[in-house]
$ cat coords-v9.txt   # compact mmCIF, C-alpha atoms
# COMPACT_ATOMS: atom_id res chain seq x y z
CA MET A 1 13.24 26.92 -37.19
CA THR A 2 16.61 25.43 -38.10
CA LEU A 3 17.27 24.14 -41.59
CA PRO A 4 19.11 20.81 -41.96
CA VAL A 5 22.69 21.02 -43.18
CA VAL A 6 23.60 19.02 -46.26
CA ARG A 7 26.74 17.07 -45.42
CA ARG A 8 28.65 16.49 -48.65
CA ASP A 9 31.19 14.31 -46.81
CA LEU A 10 28.50 11.62 -46.38
CA ALA A 11 27.79 10.87 -50.04
CA PRO A 12 27.80 8.66 -52.00
CA GLU A 13 29.33 5.91 -49.80
CA ARG A 14 31.16 6.29 -46.51
CA PRO A 15 32.34 3.56 -44.11
CA MET A 16 31.01 3.92 -40.56
CA GLY A 17 29.77 1.91 -37.62
CA TRP A 18 26.09 1.37 -36.80
CA ASP A 19 26.25 3.65 -33.73
CA GLU A 20 27.71 6.46 -35.84
CA TYR A 21 24.98 5.95 -38.45
CA VAL A 22 22.22 6.09 -35.82
CA CYS A 23 23.67 9.34 -34.42
CA LEU A 24 23.33 11.04 -37.83
CA GLY A 25 19.62 11.51 -37.20
CA ASP A 26 16.70 11.81 -39.58
CA ASP A 27 18.10 14.66 -41.70
CA VAL A 28 20.55 12.36 -43.51
CA HIS A 29 19.02 10.41 -46.38
CA GLY A 30 20.83 7.15 -46.88
CA GLU A 31 20.94 3.47 -46.11
CA TYR A 32 23.33 1.47 -43.96
CA ILE A 33 24.69 -1.36 -46.12
CA ASP A 34 27.83 -3.42 -45.49
CA GLY A 35 29.09 -1.03 -42.83
CA CYS A 36 28.70 2.06 -45.02
CA LEU A 37 26.32 4.96 -45.38
CA VAL A 38 25.10 4.66 -48.96
CA GLY A 39 22.96 7.15 -50.78
CA THR A 40 22.41 10.21 -52.88
CA PRO A 41 19.42 12.56 -52.82
CA PRO A 42 16.66 11.31 -55.16
CA SER A 43 15.27 13.38 -58.04
CA ARG A 44 11.80 14.92 -58.09
CA GLN A 45 10.64 12.35 -60.69
CA HIS A 46 11.95 9.56 -58.45
CA GLN A 47 10.04 10.84 -55.41
CA ASN A 48 6.85 11.49 -57.38
CA ALA A 49 6.89 7.99 -58.88
CA ALA A 50 7.39 6.40 -55.45
CA ARG A 51 4.57 8.46 -53.94
CA ARG A 52 2.18 7.67 -56.80
CA LEU A 53 2.92 3.94 -56.63
CA ALA A 54 2.45 3.97 -52.84
CA ARG A 55 -0.98 5.59 -53.28
CA LEU A 56 -1.93 2.97 -55.85
CA LEU A 57 -0.78 0.11 -53.62
CA GLU A 58 -2.67 1.63 -50.69
CA GLN A 59 -5.93 1.04 -52.56
CA HIS A 60 -5.15 -2.70 -52.83
CA LEU A 61 -3.63 -3.52 -49.43
CA LEU A 62 -4.29 -6.76 -47.64
CA THR A 63 -6.01 -6.34 -44.28
CA GLY A 64 -3.48 -5.66 -41.54
CA HIS A 65 -0.87 -4.08 -43.82
CA ASP A 66 0.40 -0.55 -44.43
CA VAL A 67 2.36 1.09 -47.22
CA VAL A 68 5.08 3.70 -46.64
CA THR A 69 7.67 5.55 -48.68
CA ALA A 70 11.33 5.84 -47.69
CA TRP A 71 11.01 4.25 -44.23
CA GLY A 72 13.86 2.20 -42.83
CA TRP A 73 13.84 -1.59 -42.92
CA LYS A 74 16.44 -3.34 -40.74
CA PRO A 75 16.37 -7.11 -41.24
CA GLY A 76 19.84 -7.65 -39.75
CA ALA A 77 23.11 -5.76 -39.75
CA ASP A 78 22.06 -3.53 -42.70
CA GLU A 79 19.32 -0.92 -42.83
CA TYR A 80 17.59 -0.17 -46.12
CA GLY A 81 15.30 2.64 -47.16
CA PRO A 82 13.10 1.11 -49.86
CA ASP A 83 11.35 3.73 -51.96
CA VAL A 84 8.04 1.97 -51.25
CA MET A 85 7.43 -0.75 -48.66
CA VAL A 86 4.30 -2.78 -47.90
CA HIS A 87 4.55 -4.28 -44.42
CA PRO A 88 2.38 -5.79 -41.69
CA ARG A 89 1.05 -3.12 -39.33
CA THR A 90 3.44 -2.38 -36.51
CA ASP A 91 3.95 -0.11 -33.52
CA GLU A 92 7.57 0.48 -34.58
CA GLN A 93 8.31 4.15 -35.27
CA VAL A 94 11.99 4.48 -36.20
CA ARG A 95 12.47 1.50 -38.53
CA PHE A 96 10.70 -1.73 -39.44
CA THR A 97 12.43 -4.88 -38.18
CA GLY A 98 10.04 -7.54 -39.45
CA THR A 99 9.72 -8.88 -42.98
CA PRO A 100 7.79 -6.69 -45.43
CA LEU A 101 5.48 -8.19 -48.02
CA LEU A 102 6.91 -6.02 -50.81
CA CYS A 103 9.71 -3.52 -51.37
CA VAL A 104 9.94 -1.32 -54.46
CA GLU A 105 13.03 0.48 -55.67
CA VAL A 106 12.81 3.32 -58.18
CA LEU A 107 16.03 3.23 -60.16
CA SER A 108 18.20 6.33 -60.21
CA THR A 109 21.95 6.95 -60.21
CA ASN A 110 22.74 3.90 -58.06
CA ARG A 111 21.21 1.35 -60.45
CA GLY A 112 23.77 -1.34 -59.61
CA ASP A 113 22.93 -1.12 -55.92
CA ASP A 114 19.22 -1.65 -56.59
CA LEU A 115 19.56 -4.31 -59.29
CA VAL A 116 22.35 -6.42 -57.79
CA ARG A 117 23.43 -5.51 -54.27
CA LYS A 118 20.01 -4.86 -52.72
CA ALA A 119 18.30 -7.63 -54.68
CA SER A 120 20.68 -10.26 -53.30
CA LYS A 121 20.49 -8.86 -49.76
CA TYR A 122 16.68 -8.59 -49.91
CA ALA A 123 16.53 -12.23 -51.05
CA ARG A 124 18.79 -13.35 -48.18
CA ALA A 125 16.51 -11.44 -45.77
CA GLY A 126 13.49 -13.37 -47.09
CA LEU A 127 11.62 -10.49 -48.76
CA PRO A 128 8.90 -12.31 -50.73
CA GLN A 129 8.28 -9.66 -53.42
CA TYR A 130 10.65 -7.14 -54.98
CA TRP A 131 9.65 -4.65 -57.67
CA VAL A 132 11.94 -2.38 -59.69
CA LEU A 133 10.54 0.74 -61.36
CA ASP A 134 12.83 2.06 -64.10
CA PRO A 135 12.15 5.66 -65.24
CA LEU A 136 14.90 5.61 -67.92
CA GLU A 137 13.64 2.51 -69.75
CA PRO A 138 10.04 2.83 -68.57
CA SER A 139 9.14 -0.47 -66.96
CA LEU A 140 8.01 -2.03 -63.73
CA ARG A 141 9.60 -5.44 -63.20
CA MET A 142 8.07 -7.67 -60.55
CA TYR A 143 10.02 -10.45 -58.85
CA ALA A 144 9.00 -13.21 -56.44
CA LEU A 145 11.36 -15.02 -54.10
CA GLU A 146 11.71 -18.70 -55.05
CA ASP A 147 14.31 -21.01 -53.51
CA GLY A 148 16.35 -18.07 -52.20
CA ALA A 149 16.51 -16.12 -55.48
CA TYR A 150 14.23 -13.72 -57.33
CA ARG A 151 12.38 -14.88 -60.42
CA GLN A 152 10.70 -12.31 -62.64
CA VAL A 153 6.94 -12.91 -62.52
CA GLY A 154 5.78 -9.90 -64.48
CA VAL A 155 6.71 -6.76 -66.33
CA VAL A 156 4.71 -3.67 -67.24
CA THR A 157 6.04 -1.45 -70.03
CA GLY A 158 2.97 0.70 -70.57
CA ARG A 159 -0.18 -0.24 -68.73
CA GLY A 160 -0.77 -3.63 -67.17
CA ASP A 161 -1.75 -5.93 -64.34
CA THR A 162 0.47 -6.89 -61.44
CA PRO A 163 0.76 -10.59 -60.50
CA GLY A 164 -0.26 -11.27 -56.93
CA TRP A 165 -2.16 -7.98 -56.59
CA PRO A 166 -5.69 -8.60 -57.95
CA GLY A 167 -7.20 -5.50 -59.54
CA LEU A 168 -4.00 -3.46 -59.34
CA VAL A 169 -3.36 -1.96 -62.78
CA VAL A 170 -0.20 0.10 -63.25
CA ASP A 171 0.02 2.87 -65.83
CA LEU A 172 3.63 3.97 -66.28
CA ASP A 173 2.61 7.24 -67.96
CA VAL A 174 0.80 8.17 -64.75
CA LEU A 175 3.56 6.93 -62.41
CA LEU A 176 6.41 8.59 -64.30
CA GLY A 177 4.67 11.68 -65.69
CA ASP A 178 5.26 15.24 -64.55
$ encode --input "coords-v9.txt" --output "structure tokens"
Amino acid sequence: MTLPVVRRDLAPERPMGWDEYVCLGDDVHGEYIDGCLVGTPPSRQHQNAARRLARLLEQHLLTGHDVVTAWGWKPGADEYGPDVMVHPRTDEQVRFTGTPLLCVEVLSTNRGDDLVRKASKYARAGLPQYWVLDPLEPSLRMYALEDGAYRQVGVVTGRGDTPGWPGLVVDLDVLLGD
């Protein structure tokens, strides 16, 4: 068994073409945004929160949908790796090329990318729902796409319901706990 090599020359942002990005393979964790490989390895808390939220969403999925963590979404020239993505079922294996129902980003060191850069690109791609989970200022902010921009439709700062997801109650202590 061969262990993957961590390539320090690829982080945090490196210009490259799409073909070069594709040739990197599955061992490189990053997203392809604006002609650059963007990304840093997520923390354990980040990964645990994403996994826990995905499990919770899985219990409330619409028929014909799936939920995944850290799978590629390529709506155009860019490829994103949302921390959690709810999408229509597909036969695609490498990346999703349709429009998901929901993408969730767990904030980490690249907060500006998630709050500004990705939010505007996700809106342009037509993503109907965008959630942001913030471990530092514990909150889950929920946004809906309206007239090409996101409008906040809900926020959970402890335990609370999620608009548009009947019966889905989020408890931040559970999502963000050790």
$ closest_residue --input "coords-v9.txt" --among "A:Asp34, A:Phe96, A:Gly164, A:His60" --to "Arg117 of chain A" --atoms "only C-alpha atoms"
A:Asp34
$ residues_near_point --input "coords-v9.txt" --point "(6.4, -6.5, -65.7)" --cutoff "8 Å" --atoms "only C-alpha atoms" --output "PyMOL selection string"
chain A and resi 139-142+152-157+160+162
$ closest_residue --input "coords-v9.txt" --among "A:Leu37, A:Ala77, A:Leu172, A:Leu57" --to "Arg159 of chain A" --atoms "only C-alpha atoms"
A:Leu172
$ closest_residue --input "coords-v9.txt" --among "A:Ala119, A:Leu107, A:Ala125, A:Leu62" --to "Pro166 of chain A" --atoms "only C-alpha atoms"
A:Leu62
$ residues_around --input "coords-v9.txt" --residues "Cys103 of chain A" --least-positions-apart "3" --cutoff "10 Å" --atoms "all atoms listed in the file" --output "MDAnalysis selection string"
chainID A and resid 67:69 73 81:87 99:100 122 127:132
$ atom_distance --input "coords-v9.txt" --atom1 "atom CA of Arg124 of chain A" --atom2 "atom CA of Pro138 of chain A"
27.5 Å
$ residues_near_point --input "coords-v9.txt" --point "(6.7, -1.4, -35.8)" --cutoff "12 Å" --atoms "all atoms listed in the file" --output "ChimeraX atom specification"
/A:65-66,71-74,87-100
$ atom_distance --input "coords-v9.txt" --atom1 "atom CA of Leu175 of chain A" --atom2 "atom CA of Arg44 of chain A"
12.3 Å
$ atom_distance --input "coords-v9.txt" --atom1 "atom CA of Gly35 of chain A" --atom2 "atom CA of Gln47 of chain A"
25.7 Å
$ closest_residue --input "coords-v9.txt" --among "A:Val38, A:Arg14, A:Tyr21, A:Asp173" --to "Lys118 of chain A" --atoms "only C-alpha atoms"
A:Val38
$ axis_aligned_box --input "coords-v9.txt" --around "segment 93-112 of chain A" --padding-each-side "3 Å" --output "lines of an AutoDock Vina configuration file"
center_x = 14.6
center_y = -1.0
center_z = -47.9
size_x = 24.3
size_y = 21.8
size_z = 31.2
$ residues_around --input "coords-v9.txt" --residues "Ser43 of chain A" --least-positions-apart "4" --cutoff "12 Å" --atoms "only C-alpha atoms" --output "PyMOL selection string"
chain A and resi 47-50+106-109+135+176
$ closest_residue --input "coords-v9.txt" --among "A:Val116, A:Ala149, A:Val22, A:Leu101" --to "Gly64 of chain A" --atoms "all atoms listed in the file"
A:Leu101
$ build_atoms --input "coords-v9.txt" --residues "segment 38-67 of chain A" --atoms "N, CA and C atoms" --output "compact mmCIF listing (two decimals), keeping the file's coordinate frame"
# COMPACT_ATOMS: atom_id res chain seq x y z
N VAL A 38 25.21 4.67 -47.52
CA VAL A 38 25.10 4.66 -48.96
C VAL A 38 23.91 5.52 -49.36
N GLY A 39 24.11 6.41 -50.30
CA GLY A 39 22.96 7.15 -50.78
C GLY A 39 23.29 8.47 -51.41
N THR A 40 22.38 8.89 -52.27
CA THR A 40 22.41 10.21 -52.88
C THR A 40 20.98 10.72 -52.87
N PRO A 41 20.79 12.03 -52.83
CA PRO A 41 19.42 12.56 -52.82
C PRO A 41 18.68 12.18 -54.10
N PRO A 42 17.44 11.72 -53.98
CA PRO A 42 16.66 11.31 -55.16
C PRO A 42 16.14 12.53 -55.93
N SER A 43 15.82 12.32 -57.20
CA SER A 43 15.27 13.38 -58.04
C SER A 43 13.78 13.57 -57.73
N ARG A 44 13.22 14.64 -58.26
CA ARG A 44 11.80 14.92 -58.09
C ARG A 44 10.97 13.82 -58.77
N GLN A 45 11.37 13.41 -59.99
CA GLN A 45 10.64 12.35 -60.69
C GLN A 45 10.65 11.05 -59.87
N HIS A 46 11.79 10.75 -59.29
CA HIS A 46 11.95 9.56 -58.45
C HIS A 46 10.96 9.59 -57.29
N GLN A 47 10.92 10.70 -56.57
CA GLN A 47 10.04 10.84 -55.41
C GLN A 47 8.57 10.81 -55.82
N ASN A 48 8.24 11.50 -56.92
CA ASN A 48 6.85 11.49 -57.38
C ASN A 48 6.39 10.09 -57.77
N ALA A 49 7.25 9.35 -58.47
CA ALA A 49 6.89 7.99 -58.88
C ALA A 49 6.67 7.10 -57.67
N ALA A 50 7.54 7.20 -56.67
CA ALA A 50 7.39 6.40 -55.45
C ALA A 50 6.09 6.75 -54.73
N ARG A 51 5.79 8.03 -54.62
CA ARG A 51 4.57 8.46 -53.94
C ARG A 51 3.32 7.98 -54.68
N ARG A 52 3.34 8.10 -56.02
CA ARG A 52 2.18 7.67 -56.80
C ARG A 52 1.97 6.16 -56.71
N LEU A 53 3.05 5.39 -56.75
CA LEU A 53 2.92 3.94 -56.63
C LEU A 53 2.42 3.56 -55.24
N ALA A 54 2.90 4.25 -54.21
CA ALA A 54 2.45 3.97 -52.84
C ALA A 54 0.94 4.21 -52.72
N ARG A 55 0.46 5.30 -53.31
CA ARG A 55 -0.98 5.59 -53.28
C ARG A 55 -1.78 4.49 -53.98
N LEU A 56 -1.26 4.04 -55.11
CA LEU A 56 -1.93 2.97 -55.85
C LEU A 56 -1.96 1.68 -55.04
N LEU A 57 -0.84 1.32 -54.45
CA LEU A 57 -0.78 0.11 -53.62
C LEU A 57 -1.71 0.23 -52.41
N GLU A 58 -1.83 1.41 -51.87
CA GLU A 58 -2.67 1.63 -50.69
C GLU A 58 -4.12 1.23 -50.96
N GLN A 59 -4.56 1.38 -52.19
CA GLN A 59 -5.93 1.04 -52.56
C GLN A 59 -6.14 -0.48 -52.68
N HIS A 60 -5.06 -1.25 -52.62
CA HIS A 60 -5.15 -2.70 -52.83
C HIS A 60 -4.47 -3.49 -51.71
N LEU A 61 -4.33 -2.87 -50.55
CA LEU A 61 -3.63 -3.52 -49.43
C LEU A 61 -4.42 -4.68 -48.85
N LEU A 62 -3.69 -5.69 -48.42
CA LEU A 62 -4.29 -6.76 -47.64
C LEU A 62 -4.63 -6.21 -46.26
N THR A 63 -5.65 -6.75 -45.63
CA THR A 63 -6.01 -6.34 -44.28
C THR A 63 -4.81 -6.54 -43.35
N GLY A 64 -4.57 -5.56 -42.50
CA GLY A 64 -3.48 -5.66 -41.54
C GLY A 64 -2.13 -5.22 -42.07
N HIS A 65 -2.11 -4.56 -43.23
CA HIS A 65 -0.87 -4.08 -43.82
C HIS A 65 -0.92 -2.57 -44.03
N ASP A 66 0.25 -1.97 -44.12
CA ASP A 66 0.40 -0.55 -44.43
C ASP A 66 1.40 -0.41 -45.57
N VAL A 67 1.38 0.76 -46.20
CA VAL A 67 2.36 1.09 -47.22
C VAL A 67 3.02 2.41 -46.83
